[in-house]
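What follows is a set of notes on a single structure, which appears directly below.
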Amino acid sequence: MNSHNNGILYVVATPIGNLNDVTLRALETLKKVDHIAAEDTRHSKKLLQHFGIKKPMISLHNYNERERSKVLLKRLQKGEDLALISDAGTPLISDPGYRLVKLIRNVGINIVPIPGPCAAITALCVSGLPTDKFIFEGFLPMKAVARCKRLQELISEPRTIIFYEAPHRMKFLISDLLNVFGKDRHAVLARELTKKFETIYGASLSELKSWFEMNKARQKGEFVVLLHGAELKRGIEINEEALHILKILLRELAVKQAVILTAKITGVSKNKLYKVAITLSH
């Protein structure tokens, strides 16, 4: 228990496929809490039964999170310890729980992370793509226009980009990536991570599209897609802060105006900024 006799909320990562990936600390936590908040109680029941854990569960998903968070807060205020889990992996990473965690933090109740599997990081570390800097985009918009608009905004992103996608939308994502980033941009598809039919395939987007469409078995399962970041030409690199500001200003202003303002804000020379701006604008 923490101060004021409140309970503790444990945010517990669970396996993304292979049940042997569960941590000892996760099991200990799930066994000792009073209740478990799960994204899908029917799905999580199988995990708990596998490890012989019998605890009452309460559902917390995208459609009931706002109201259910208030219920869970009252339980914590009564001194109950709770665990938050998602269907697989680390809660809140493209899964419900943000509203609950924000609410609990705002009232000063203790939240303890129990780290473990995460599909995005698992895929990244075996992708062969740069891992020192990356961004997580999660699921893109479902509608084609909104999806392509977001991808257009990422054309000049220099960091490795990580996406999640549902199997029935994968063919659309690959086609959109090919159309926006071009046939030669390198990408990696990670499918069914830690499961029996785990597949990790890297190639240019044009080759990836052909490989994906060649076999229907490759179109099933849970997917992580990683995209190599854009490469700036040598000799015109600028620091991250200047690049970030320049990108924002280029969305709203002409190249010359964006360069002048970025130079004033960051102190980077206008000549260097102009060369980068031209690269980003094409």
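Ordering of the structure tokens sets the chain letters (A, B, ...), residue numbers begin anew at 1 in every chain, and ligands are numbered from 1 in the order given.
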Give me every strand (DSSP E or B) residue in region 8-224 of chain A, going by DSSP on the backbone, as an mmCIF file with N, CA and C atoms, in the first residue's frame.
```
data_model
loop_
_atom_site.group_PDB
_atom_site.id
_atom_site.type_symbol
_atom_site.label_atom_id
_atom_site.label_comp_id
_atom_site.auth_asym_id
_atom_site.auth_seq_id
_atom_site.Cartn_x
_atom_site.Cartn_y
_atom_site.Cartn_z
ATOM 1 N N LEU A 9 -1.647 0.748 -8.560
ATOM 2 C CA LEU A 9 -1.960 0.279 -9.908
ATOM 3 C C LEU A 9 -0.676 -0.235 -10.548
ATOM 4 N N TYR A 10 -0.665 -1.495 -10.932
ATOM 5 C CA TYR A 10 0.471 -2.090 -11.628
ATOM 6 C C TYR A 10 0.155 -2.178 -13.120
ATOM 7 N N VAL A 11 1.031 -1.615 -13.945
ATOM 8 C CA VAL A 11 0.872 -1.710 -15.396
ATOM 9 C C VAL A 11 1.773 -2.858 -15.856
ATOM 10 N N VAL A 12 1.153 -3.964 -16.235
ATOM 11 C CA VAL A 12 1.872 -5.233 -16.417
ATOM 12 C C VAL A 12 1.934 -5.631 -17.890
ATOM 13 N N THR A 14 2.470 -8.330 -20.800
ATOM 14 C CA THR A 14 2.252 -9.768 -20.954
ATOM 15 C C THR A 14 2.811 -10.227 -22.303
ATOM 16 N N HIS A 35 -7.681 -7.187 -8.130
ATOM 17 C CA HIS A 35 -8.424 -7.269 -9.389
ATOM 18 C C HIS A 35 -7.477 -7.029 -10.561
ATOM 19 N N ILE A 36 -7.875 -7.543 -11.747
ATOM 20 C CA ILE A 36 -7.108 -7.325 -12.968
ATOM 21 C C ILE A 36 -8.001 -6.651 -13.998
ATOM 22 N N ALA A 37 -7.558 -5.488 -14.486
ATOM 23 C CA ALA A 37 -8.267 -4.788 -15.559
ATOM 24 C C ALA A 37 -7.666 -5.248 -16.881
ATOM 25 N N ALA A 38 -8.496 -5.846 -17.736
ATOM 26 C CA ALA A 38 -8.010 -6.437 -18.975
ATOM 27 C C ALA A 38 -8.758 -5.866 -20.170
ATOM 28 N N MET A 57 -11.652 -10.346 -12.836
ATOM 29 C CA MET A 57 -11.254 -9.410 -13.885
ATOM 30 C C MET A 57 -12.367 -8.423 -14.184
ATOM 31 N N ILE A 58 -11.953 -7.267 -14.678
ATOM 32 C CA ILE A 58 -12.885 -6.241 -15.105
ATOM 33 C C ILE A 58 -12.394 -5.713 -16.451
ATOM 34 N N SER A 59 -13.302 -5.539 -17.395
ATOM 35 C CA SER A 59 -12.887 -5.122 -18.737
ATOM 36 C C SER A 59 -12.574 -3.626 -18.782
ATOM 37 N N LEU A 82 -4.510 -3.101 -8.011
ATOM 38 C CA LEU A 82 -5.028 -3.495 -9.317
ATOM 39 C C LEU A 82 -3.889 -3.686 -10.312
ATOM 40 N N ALA A 83 -4.110 -4.580 -11.273
ATOM 41 C CA ALA A 83 -3.169 -4.746 -12.384
ATOM 42 C C ALA A 83 -3.886 -4.385 -13.676
ATOM 43 N N LEU A 84 -3.182 -3.697 -14.550
ATOM 44 C CA LEU A 84 -3.707 -3.366 -15.880
ATOM 45 C C LEU A 84 -2.927 -4.178 -16.910
ATOM 46 N N ILE A 85 -3.638 -4.960 -17.726
ATOM 47 C CA ILE A 85 -2.989 -5.705 -18.797
ATOM 48 C C ILE A 85 -3.753 -5.471 -20.102
ATOM 49 N N GLY A 89 1.471 -7.857 -24.920
ATOM 50 C CA GLY A 89 2.500 -6.829 -24.869
ATOM 51 C C GLY A 89 2.314 -5.824 -23.755
ATOM 52 N N ILE A 111 1.666 4.351 -9.226
ATOM 53 C CA ILE A 111 1.587 3.463 -10.381
ATOM 54 C C ILE A 111 2.956 2.809 -10.551
ATOM 55 N N VAL A 112 2.965 1.492 -10.659
ATOM 56 C CA VAL A 112 4.221 0.747 -10.761
ATOM 57 C C VAL A 112 4.277 0.008 -12.104
ATOM 58 N N PRO A 113 5.302 0.268 -12.921
ATOM 59 C CA PRO A 113 5.419 -0.461 -14.186
ATOM 60 C C PRO A 113 6.066 -1.822 -13.981
ATOM 61 N N ILE A 114 5.497 -2.835 -14.619
ATOM 62 C CA ILE A 114 6.093 -4.178 -14.633
ATOM 63 C C ILE A 114 6.466 -4.445 -16.091
ATOM 64 N N PHE A 134 14.419 6.353 -33.425
ATOM 65 C CA PHE A 134 13.263 5.831 -34.147
ATOM 66 C C PHE A 134 11.997 6.499 -33.638
ATOM 67 N N ILE A 135 10.923 6.403 -34.430
ATOM 68 C CA ILE A 135 9.629 6.927 -33.996
ATOM 69 C C ILE A 135 8.587 5.824 -34.132
ATOM 70 N N PHE A 136 7.610 5.845 -33.248
ATOM 71 C CA PHE A 136 6.547 4.844 -33.250
ATOM 72 C C PHE A 136 5.259 5.508 -33.708
ATOM 73 N N GLU A 137 4.746 5.085 -34.860
ATOM 74 C CA GLU A 137 3.505 5.636 -35.401
ATOM 75 C C GLU A 137 2.292 4.796 -35.028
ATOM 76 N N GLY A 138 2.517 3.535 -34.643
ATOM 77 C CA GLY A 138 1.386 2.679 -34.297
ATOM 78 C C GLY A 138 0.481 2.450 -35.496
ATOM 79 N N PHE A 139 -0.832 2.453 -35.262
ATOM 80 C CA PHE A 139 -1.799 2.239 -36.338
ATOM 81 C C PHE A 139 -2.082 3.560 -37.053
ATOM 82 N N THR A 160 14.136 5.745 -38.115
ATOM 83 C CA THR A 160 13.385 4.534 -38.434
ATOM 84 C C THR A 160 11.940 4.709 -37.957
ATOM 85 N N ILE A 161 10.985 4.326 -38.799
ATOM 86 C CA ILE A 161 9.562 4.507 -38.484
ATOM 87 C C ILE A 161 8.921 3.149 -38.257
ATOM 88 N N ILE A 162 8.169 3.021 -37.170
ATOM 89 C CA ILE A 162 7.537 1.749 -36.816
ATOM 90 C C ILE A 162 6.015 1.885 -36.889
ATOM 91 N N PHE A 163 5.387 0.966 -37.623
ATOM 92 C CA PHE A 163 3.930 0.941 -37.763
ATOM 93 C C PHE A 163 3.388 -0.394 -37.249
ATOM 94 N N TYR A 164 2.139 -0.361 -36.761
ATOM 95 C CA TYR A 164 1.365 -1.576 -36.528
ATOM 96 C C TYR A 164 0.277 -1.614 -37.597
ATOM 97 N N GLU A 165 -0.154 -2.814 -37.983
ATOM 98 C CA GLU A 165 -1.276 -2.891 -38.906
ATOM 99 C C GLU A 165 -2.023 -4.199 -38.747
ATOM 100 N N HIS A 186 13.854 1.031 -48.145
ATOM 101 C CA HIS A 186 13.947 -0.277 -47.496
ATOM 102 C C HIS A 186 12.948 -0.374 -46.347
ATOM 103 N N ALA A 187 12.309 -1.535 -46.249
ATOM 104 C CA ALA A 187 11.340 -1.776 -45.178
ATOM 105 C C ALA A 187 11.492 -3.200 -44.670
ATOM 106 N N VAL A 188 10.979 -3.421 -43.476
ATOM 107 C CA VAL A 188 11.015 -4.762 -42.865
ATOM 108 C C VAL A 188 9.618 -5.092 -42.360
ATOM 109 N N LEU A 189 9.164 -6.288 -42.694
ATOM 110 C CA LEU A 189 7.875 -6.770 -42.207
ATOM 111 C C LEU A 189 8.141 -7.851 -41.166
ATOM 112 N N ALA A 190 7.607 -7.647 -39.963
ATOM 113 C CA ALA A 190 7.732 -8.627 -38.885
ATOM 114 C C ALA A 190 6.334 -9.170 -38.585
ATOM 115 N N ARG A 191 6.171 -10.465 -38.774
ATOM 116 C CA ARG A 191 4.846 -11.092 -38.660
ATOM 117 C C ARG A 191 4.855 -12.195 -37.614
ATOM 118 N N THR A 199 7.839 -14.558 -38.852
ATOM 119 C CA THR A 199 8.511 -14.231 -40.111
ATOM 120 C C THR A 199 9.048 -12.813 -40.046
ATOM 121 N N ILE A 200 10.307 -12.637 -40.428
ATOM 122 C CA ILE A 200 10.909 -11.301 -40.477
ATOM 123 C C ILE A 200 11.568 -11.161 -41.848
ATOM 124 N N TYR A 201 11.041 -10.255 -42.663
ATOM 125 C CA TYR A 201 11.512 -10.141 -44.046
ATOM 126 C C TYR A 201 11.796 -8.677 -44.364
ATOM 127 N N GLY A 202 12.979 -8.417 -44.870
ATOM 128 C CA GLY A 202 13.365 -7.063 -45.239
ATOM 129 C C GLY A 202 13.710 -6.964 -46.710
ATOM 130 N N ALA A 203 13.288 -5.863 -47.355
ATOM 131 C CA ALA A 203 13.557 -5.659 -48.783
ATOM 132 C C ALA A 203 13.133 -4.248 -49.160
ATOM 133 N N SER A 204 13.373 -3.888 -50.410
ATOM 134 C CA SER A 204 12.835 -2.616 -50.901
ATOM 135 C C SER A 204 11.309 -2.730 -50.912
ATOM 136 N N PHE A 223 1.026 -7.868 -37.401
ATOM 137 C CA PHE A 223 2.117 -7.285 -38.170
ATOM 138 C C PHE A 223 2.741 -6.053 -37.514
ATOM 139 N N VAL A 224 4.066 -5.983 -37.647
ATOM 140 C CA VAL A 224 4.813 -4.751 -37.380
ATOM 141 C C VAL A 224 5.568 -4.445 -38.674
#
```
Backbone DSSP call of alpha helix (DSSP H) for region 112-224 of chain A, listed as a VMD selection string:
chain A and resid 119 to 124 144 to 153 170 to 181 205 to 214
Could you work out how far CA of Ala230 (chain A) lies from CA of Lys247 (chain A), giving the answer in Å with one decimal?
13.2 Å
Can you tell me how far CA of Ile174 (chain A) sits from CA of Lys209 (chain A), in Å to one decimal?
6.3 Å
Figure out the distance between CA of Asn5 (chain A) and CA of Lys70 (chain A), please, to one decimal in Å.
17.8 Å
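Using only C-alpha atoms, the residues found no farther than 7 Å from Arg185 (chain A), other than those of its own chain fewer than 3 positions away, are Phe181, Gly182, Ser204, Leu205 and His228 of chain A.
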Given the choices A:Gln152, A:Arg251, A:Ile245, A:Arg159, which gets closest to Lys133 (chain A) if the distance is worked out from only C-alpha atoms?
A:Arg159
Exercise: Gly7 (chain A) partners within 10 Å, only C-alpha atoms, chain neighbours under 5 positions left out, as JSON, numbers by chain:
{"A": [1, 2, 33, 34, 73, 74, 75, 76, 77, 78, 79, 80, 81, 82, 109, 110, 111]}
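Candidate residues A:Met214, A:Ser175, A:Leu103, A:Leu249 were compared for distance to Ala263 (chain A), and the nearest is A:Leu249, using only C-alpha atoms.
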Go through A:Leu243, A:Cys118, A:Leu19, A:Ile104 and flag the residue nearest Lys275 (chain A), using only C-alpha atoms for the distances.
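Closest residue, counting only C-alpha atoms: A:Leu243.
Closest approach to Ile155 (chain A) from the set A:Ser210, A:Asn179, A:Asn215, A:Asp132 is made by A:Asn179, with distances taken over only C-alpha atoms.
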Ranking A:Leu100, A:Leu193, A:Cys148, A:Ala254 by minimum distance to Leu178 (chain A) and counting only C-alpha atoms, which one comes first?
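Residue with the minimum atom-to-atom distance to Leu178 (chain A): A:Cys148.
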Find, counting only C-alpha atoms, the residue in A:Asn6, A:Leu273, A:Leu129, A:Leu226 that gets nearest to Val107 (chain A).
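The answer is A:Asn6, which sits nearest to Val107 (chain A).
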For Ala258 (chain A), work out the shell of residues within 8 Å, counting only C-alpha atoms and skipping chain neighbours fewer than 5 positions away, then give it as a ChimeraX atom specification.
/A:246,249-250,253
